[in-house]
Amino acid sequence: MNLYHDNGYANIPEIMRQGVPFSFVIGGRGTGKTYGALKYVLENSIKFCLMRRTQSQLETIAKVETNPFKSVVRDLGYDWSCDPYPAGKSIFAYRETFTGEDGKTEQGETLGYAVALSTISNLRGFDMTDVDILIYDEFIPERHERALKNESDAFLNAYETINRNRELQGKKALKVLALANANDFASPLMIGLGLVSTIERMISKGKEFYINPQKGIGIYLLNDSPISKEKALTSLYKLTIGTAYNDMAINNAFDGSRDDDIKSVNLAEYVPQVGIGEVCVYKHKSESSYYISAHFSGSVRQYSGDGVDMRRFLDTHRYLLIAIINGDVTYESHFVKALFLRYCGFV
């Protein structure tokens with residue numbers, strides 16, 4: 001599969017031709033993910049819903065000055081623009097906009113909508129059964145962004161809100177094209193869907209794509225982007241050589257994906273201490289070090305991974321926070337590390 005066009009940008013049409021309902025595309029900055037997705041829906045006259053994580057992000061793309069469709073429409077040479085207009089509380093509609101013979105701005109048909117994951121629950125009564133594709137842009141938050149409460153469940157509810165009962169009526173399922181930079185292995189959506197370990201295996205084996213027709217999932221890692229190679233020679237990325245930012249933006253490396261605290265150990269040398277969510281904490285028998293694994297053994301106190309129980313865990317086992325800070329903790333896998341650091345409130 002060729003994940004890149006001749007111009008070096010992400011080959012969104014090829015990705016969508018794989019035919020699975022859920023496609024996750026992860027690549028460095030400026031590799032044409034969003035541009036390619038928007039160009040794909042306009043060129044093929046596909047009714048879309050463009051979704052961002054927060055209302056403030058939504059309002060940014062719903063302004064004429066920062067409308068992401070501007071460059072797409074210009075490059076396609078259309079004699080109209082695709083502009084956002086308020087369509088109710090917490091939702092915008094992208095409509096064909098052109099100048100009439102009298103010189104006044106006129107609105108044509110609705111091409112798609114724009115919503116925010118954080119507020120889409122307010123739209124339960126809004127009919128989007130005419131939408132064929134949900135473009136979820138920047139689904140992996142940057143490190144400084146605050147996680148949404150029950151973010152993975154919110155995404156699934158958003159999908160249900162738009163998809164409705166179309167499959168029960170013999171119609172095709174709503175397609176999802178989720179786009180992101182490789183900001184964080186502990187992405188709430190990737191954890192919630194159980195895809196972190198899959199991405200981890202892809203990285204370790206050097207695979208760029210994974211398709212599971214049974215689950216209807218496709219994952220695409222734009223690891224060898226021609227555009228990223230060119231960007232590496234520009235001023236910003238010369239400045240940031242050797243940093244996590246450069247690895248994310250140019251090499252498509254997840255933050256933390258190359259850590260040396262991921263290893264396999266002989267569990268016979270460790271004693272189980274406590275369970276939290278999907279992981280178990282072990283202490284070395286003769287050293288002041290800890291190992292976090294998805295394997296449970298022995299009879300240990302088990303805490304759930306959320307709410308009040310997680311607070312109880314942190315209050316009772318605060319020594320683990322100190323161990324993390326001191327570098328005395330190793331992990332079975334990146335998936336386990338992502339979960340445990342989230343449980344401990346570090347991400």
# chains A, B, ... in the order shown; residues from 1 in each chain; ligands from 1
$ select_by_dssp --residues "stretch 89-245 of chain A" --states "strand (DSSP E or B)" --output "number ranges by chain"
A: 92-99, 105-116, 133-137, 175-180, 209-212, 217-222
$ write_last_selection --atoms "N, CA and C atoms" --output "compact mmCIF listing (two decimals), in the first residue's frame"
# COMPACT_ATOMS: atom_id res chain seq x y z
N PHE A 92 -21.68 23.93 13.80
CA PHE A 92 -21.56 24.80 12.64
C PHE A 92 -21.81 23.97 11.39
N ALA A 93 -22.29 24.64 10.35
CA ALA A 93 -22.49 24.00 9.05
C ALA A 93 -21.55 24.62 8.04
N TYR A 94 -20.88 23.79 7.25
CA TYR A 94 -20.05 24.28 6.15
C TYR A 94 -20.91 24.29 4.89
N ARG A 95 -21.04 25.46 4.28
CA ARG A 95 -21.90 25.60 3.12
C ARG A 95 -21.13 26.19 1.93
N GLU A 96 -21.58 25.82 0.74
CA GLU A 96 -21.07 26.49 -0.45
C GLU A 96 -21.41 27.97 -0.35
N THR A 97 -20.43 28.82 -0.55
CA THR A 97 -20.64 30.26 -0.47
C THR A 97 -20.07 30.92 -1.72
N PHE A 98 -20.89 31.73 -2.35
CA PHE A 98 -20.44 32.37 -3.60
C PHE A 98 -21.04 33.76 -3.71
N THR A 99 -20.50 34.50 -4.62
CA THR A 99 -20.96 35.87 -4.85
C THR A 99 -21.96 35.88 -6.00
N THR A 105 -23.18 38.11 -1.08
CA THR A 105 -22.77 36.76 -0.73
C THR A 105 -24.01 35.87 -0.57
N GLU A 106 -23.99 34.73 -1.20
CA GLU A 106 -25.11 33.80 -1.12
C GLU A 106 -24.62 32.44 -0.65
N GLN A 107 -25.50 31.73 0.04
CA GLN A 107 -25.18 30.40 0.55
C GLN A 107 -25.85 29.34 -0.31
N GLY A 108 -25.09 28.30 -0.65
CA GLY A 108 -25.62 27.18 -1.40
C GLY A 108 -25.91 26.00 -0.49
N GLU A 109 -25.67 24.79 -0.98
CA GLU A 109 -26.00 23.59 -0.21
C GLU A 109 -25.03 23.40 0.96
N THR A 110 -25.51 22.66 1.96
CA THR A 110 -24.68 22.31 3.11
C THR A 110 -23.78 21.14 2.73
N LEU A 111 -22.47 21.33 2.87
CA LEU A 111 -21.49 20.31 2.50
C LEU A 111 -21.12 19.42 3.68
N GLY A 112 -21.27 19.97 4.89
CA GLY A 112 -20.92 19.19 6.08
C GLY A 112 -21.11 20.01 7.33
N TYR A 113 -20.69 19.45 8.44
CA TYR A 113 -20.87 20.08 9.74
C TYR A 113 -19.56 20.07 10.51
N ALA A 114 -19.52 20.83 11.59
CA ALA A 114 -18.37 20.85 12.49
C ALA A 114 -18.87 20.82 13.92
N VAL A 115 -18.31 19.92 14.73
CA VAL A 115 -18.73 19.76 16.13
C VAL A 115 -17.50 19.56 17.00
N ALA A 116 -17.71 19.61 18.31
CA ALA A 116 -16.64 19.32 19.28
C ALA A 116 -17.02 18.09 20.08
N ILE A 133 -19.16 10.51 6.60
CA ILE A 133 -17.84 10.34 7.18
C ILE A 133 -17.63 11.33 8.32
N LEU A 134 -17.06 10.83 9.41
CA LEU A 134 -16.69 11.65 10.55
C LEU A 134 -15.18 11.82 10.53
N ILE A 135 -14.72 13.05 10.32
CA ILE A 135 -13.28 13.35 10.33
C ILE A 135 -12.95 13.88 11.72
N TYR A 136 -12.26 13.08 12.51
CA TYR A 136 -11.90 13.47 13.88
C TYR A 136 -10.45 13.94 13.84
N ASP A 137 -10.26 15.24 13.81
CA ASP A 137 -8.93 15.82 13.63
C ASP A 137 -8.26 16.06 14.97
N LYS A 175 -18.41 6.16 8.32
CA LYS A 175 -16.95 5.98 8.29
C LYS A 175 -16.31 7.00 9.24
N VAL A 176 -15.24 6.58 9.89
CA VAL A 176 -14.45 7.48 10.74
C VAL A 176 -13.04 7.57 10.18
N LEU A 177 -12.58 8.79 10.00
CA LEU A 177 -11.19 9.05 9.60
C LEU A 177 -10.59 9.91 10.71
N ALA A 178 -9.84 9.27 11.61
CA ALA A 178 -9.27 9.95 12.76
C ALA A 178 -7.81 10.28 12.48
N LEU A 179 -7.43 11.54 12.70
CA LEU A 179 -6.11 12.04 12.32
C LEU A 179 -5.39 12.61 13.54
N ALA A 180 -4.08 12.40 13.61
CA ALA A 180 -3.35 12.95 14.77
C ALA A 180 -1.85 12.93 14.52
N PHE A 209 1.19 -0.06 8.43
CA PHE A 209 -0.26 -0.16 8.50
C PHE A 209 -0.70 -1.50 9.08
N TYR A 210 -1.86 -1.47 9.70
CA TYR A 210 -2.48 -2.65 10.30
C TYR A 210 -3.97 -2.58 9.99
N ILE A 211 -4.51 -3.64 9.40
CA ILE A 211 -5.93 -3.66 9.05
C ILE A 211 -6.57 -4.90 9.64
N ASN A 212 -7.64 -4.70 10.40
CA ASN A 212 -8.38 -5.81 11.01
C ASN A 212 -9.82 -5.74 10.51
N ILE A 217 -11.14 -2.01 11.75
CA ILE A 217 -10.14 -1.00 12.13
C ILE A 217 -8.96 -1.01 11.18
N GLY A 218 -8.50 0.18 10.82
CA GLY A 218 -7.25 0.33 10.10
C GLY A 218 -6.40 1.36 10.81
N ILE A 219 -5.12 1.05 11.04
CA ILE A 219 -4.19 1.99 11.67
C ILE A 219 -3.04 2.23 10.70
N TYR A 220 -2.71 3.51 10.48
CA TYR A 220 -1.70 3.87 9.49
C TYR A 220 -0.69 4.82 10.13
N LEU A 221 0.57 4.41 10.16
CA LEU A 221 1.64 5.21 10.74
C LEU A 221 2.50 5.76 9.61
N LEU A 222 2.47 7.08 9.45
CA LEU A 222 3.22 7.72 8.37
C LEU A 222 4.68 7.91 8.81
$ atom_distance --atom1 "atom CA of A:Ala147" --atom2 "atom CA of A:Ser90"
19.3 Å
$ atom_distance --atom1 "atom CA of A:Ala158" --atom2 "atom CA of A:Met51"
9.6 Å
$ closest_residue --among "A:Ala182, A:Leu123, A:Val131, A:Val41" --to "A:Arg143" --atoms "only C-alpha atoms"
A:Ala182
$ residues_around --residues "A:Ala10" --least-positions-apart "4" --cutoff "6 Å" --atoms "only C-alpha atoms" --output "PDB file with C-alpha atoms, in the first residue's frame"
ATOM      1  CA  LEU A   3       0.590   5.762   1.951  1.00  0.00           C
ATOM      2  CA  TYR A   4       1.927   8.826   0.105  1.00  0.00           C
ATOM      3  CA  GLY A  32      -1.023  16.490   4.692  1.00  0.00           C
ATOM      4  CA  LYS A  33      -3.373  14.475   6.911  1.00  0.00           C
TER       5      LYS A  33
END
$ atom_distance --atom1 "atom CA of A:Ile26" --atom2 "atom CA of A:Asp259"
19.7 Å
$ residues_around --residues "A:His5" --least-positions-apart "3" --cutoff "10 Å" --atoms "only C-alpha atoms" --output "PDB file with C-alpha atoms, in the first residue's frame"
ATOM      1  CA  ASN A   2       1.330   3.420  -0.951  1.00  0.00           C
ATOM      2  CA  GLY A   8       4.768  13.397  -0.558  1.00  0.00           C
ATOM      3  CA  TYR A   9       1.516  14.072   1.287  1.00  0.00           C
ATOM      4  CA  ALA A  10      -0.670  11.471   2.990  1.00  0.00           C
ATOM      5  CA  ASN A  11      -2.621   9.351   0.514  1.00  0.00           C
ATOM      6  CA  ILE A  12      -6.057   9.609   2.106  1.00  0.00           C
ATOM      7  CA  PRO A  13      -7.956   8.143  -0.894  1.00  0.00           C
ATOM      8  CA  GLU A  14      -5.816   4.979  -0.727  1.00  0.00           C
ATOM      9  CA  GLY A  32      -1.023  16.490   4.692  1.00  0.00           C
ATOM     10  CA  GLY A  36      -5.860  15.370   2.370  1.00  0.00           C
ATOM     11  CA  PRO A 226       8.902  12.484   2.169  1.00  0.00           C
TER      12      PRO A 226
END
$ closest_residue --among "A:Arg52, A:Lys104, A:Lys205, A:Lys70" --to "A:Phe155" --atoms "only C-alpha atoms"
A:Arg52
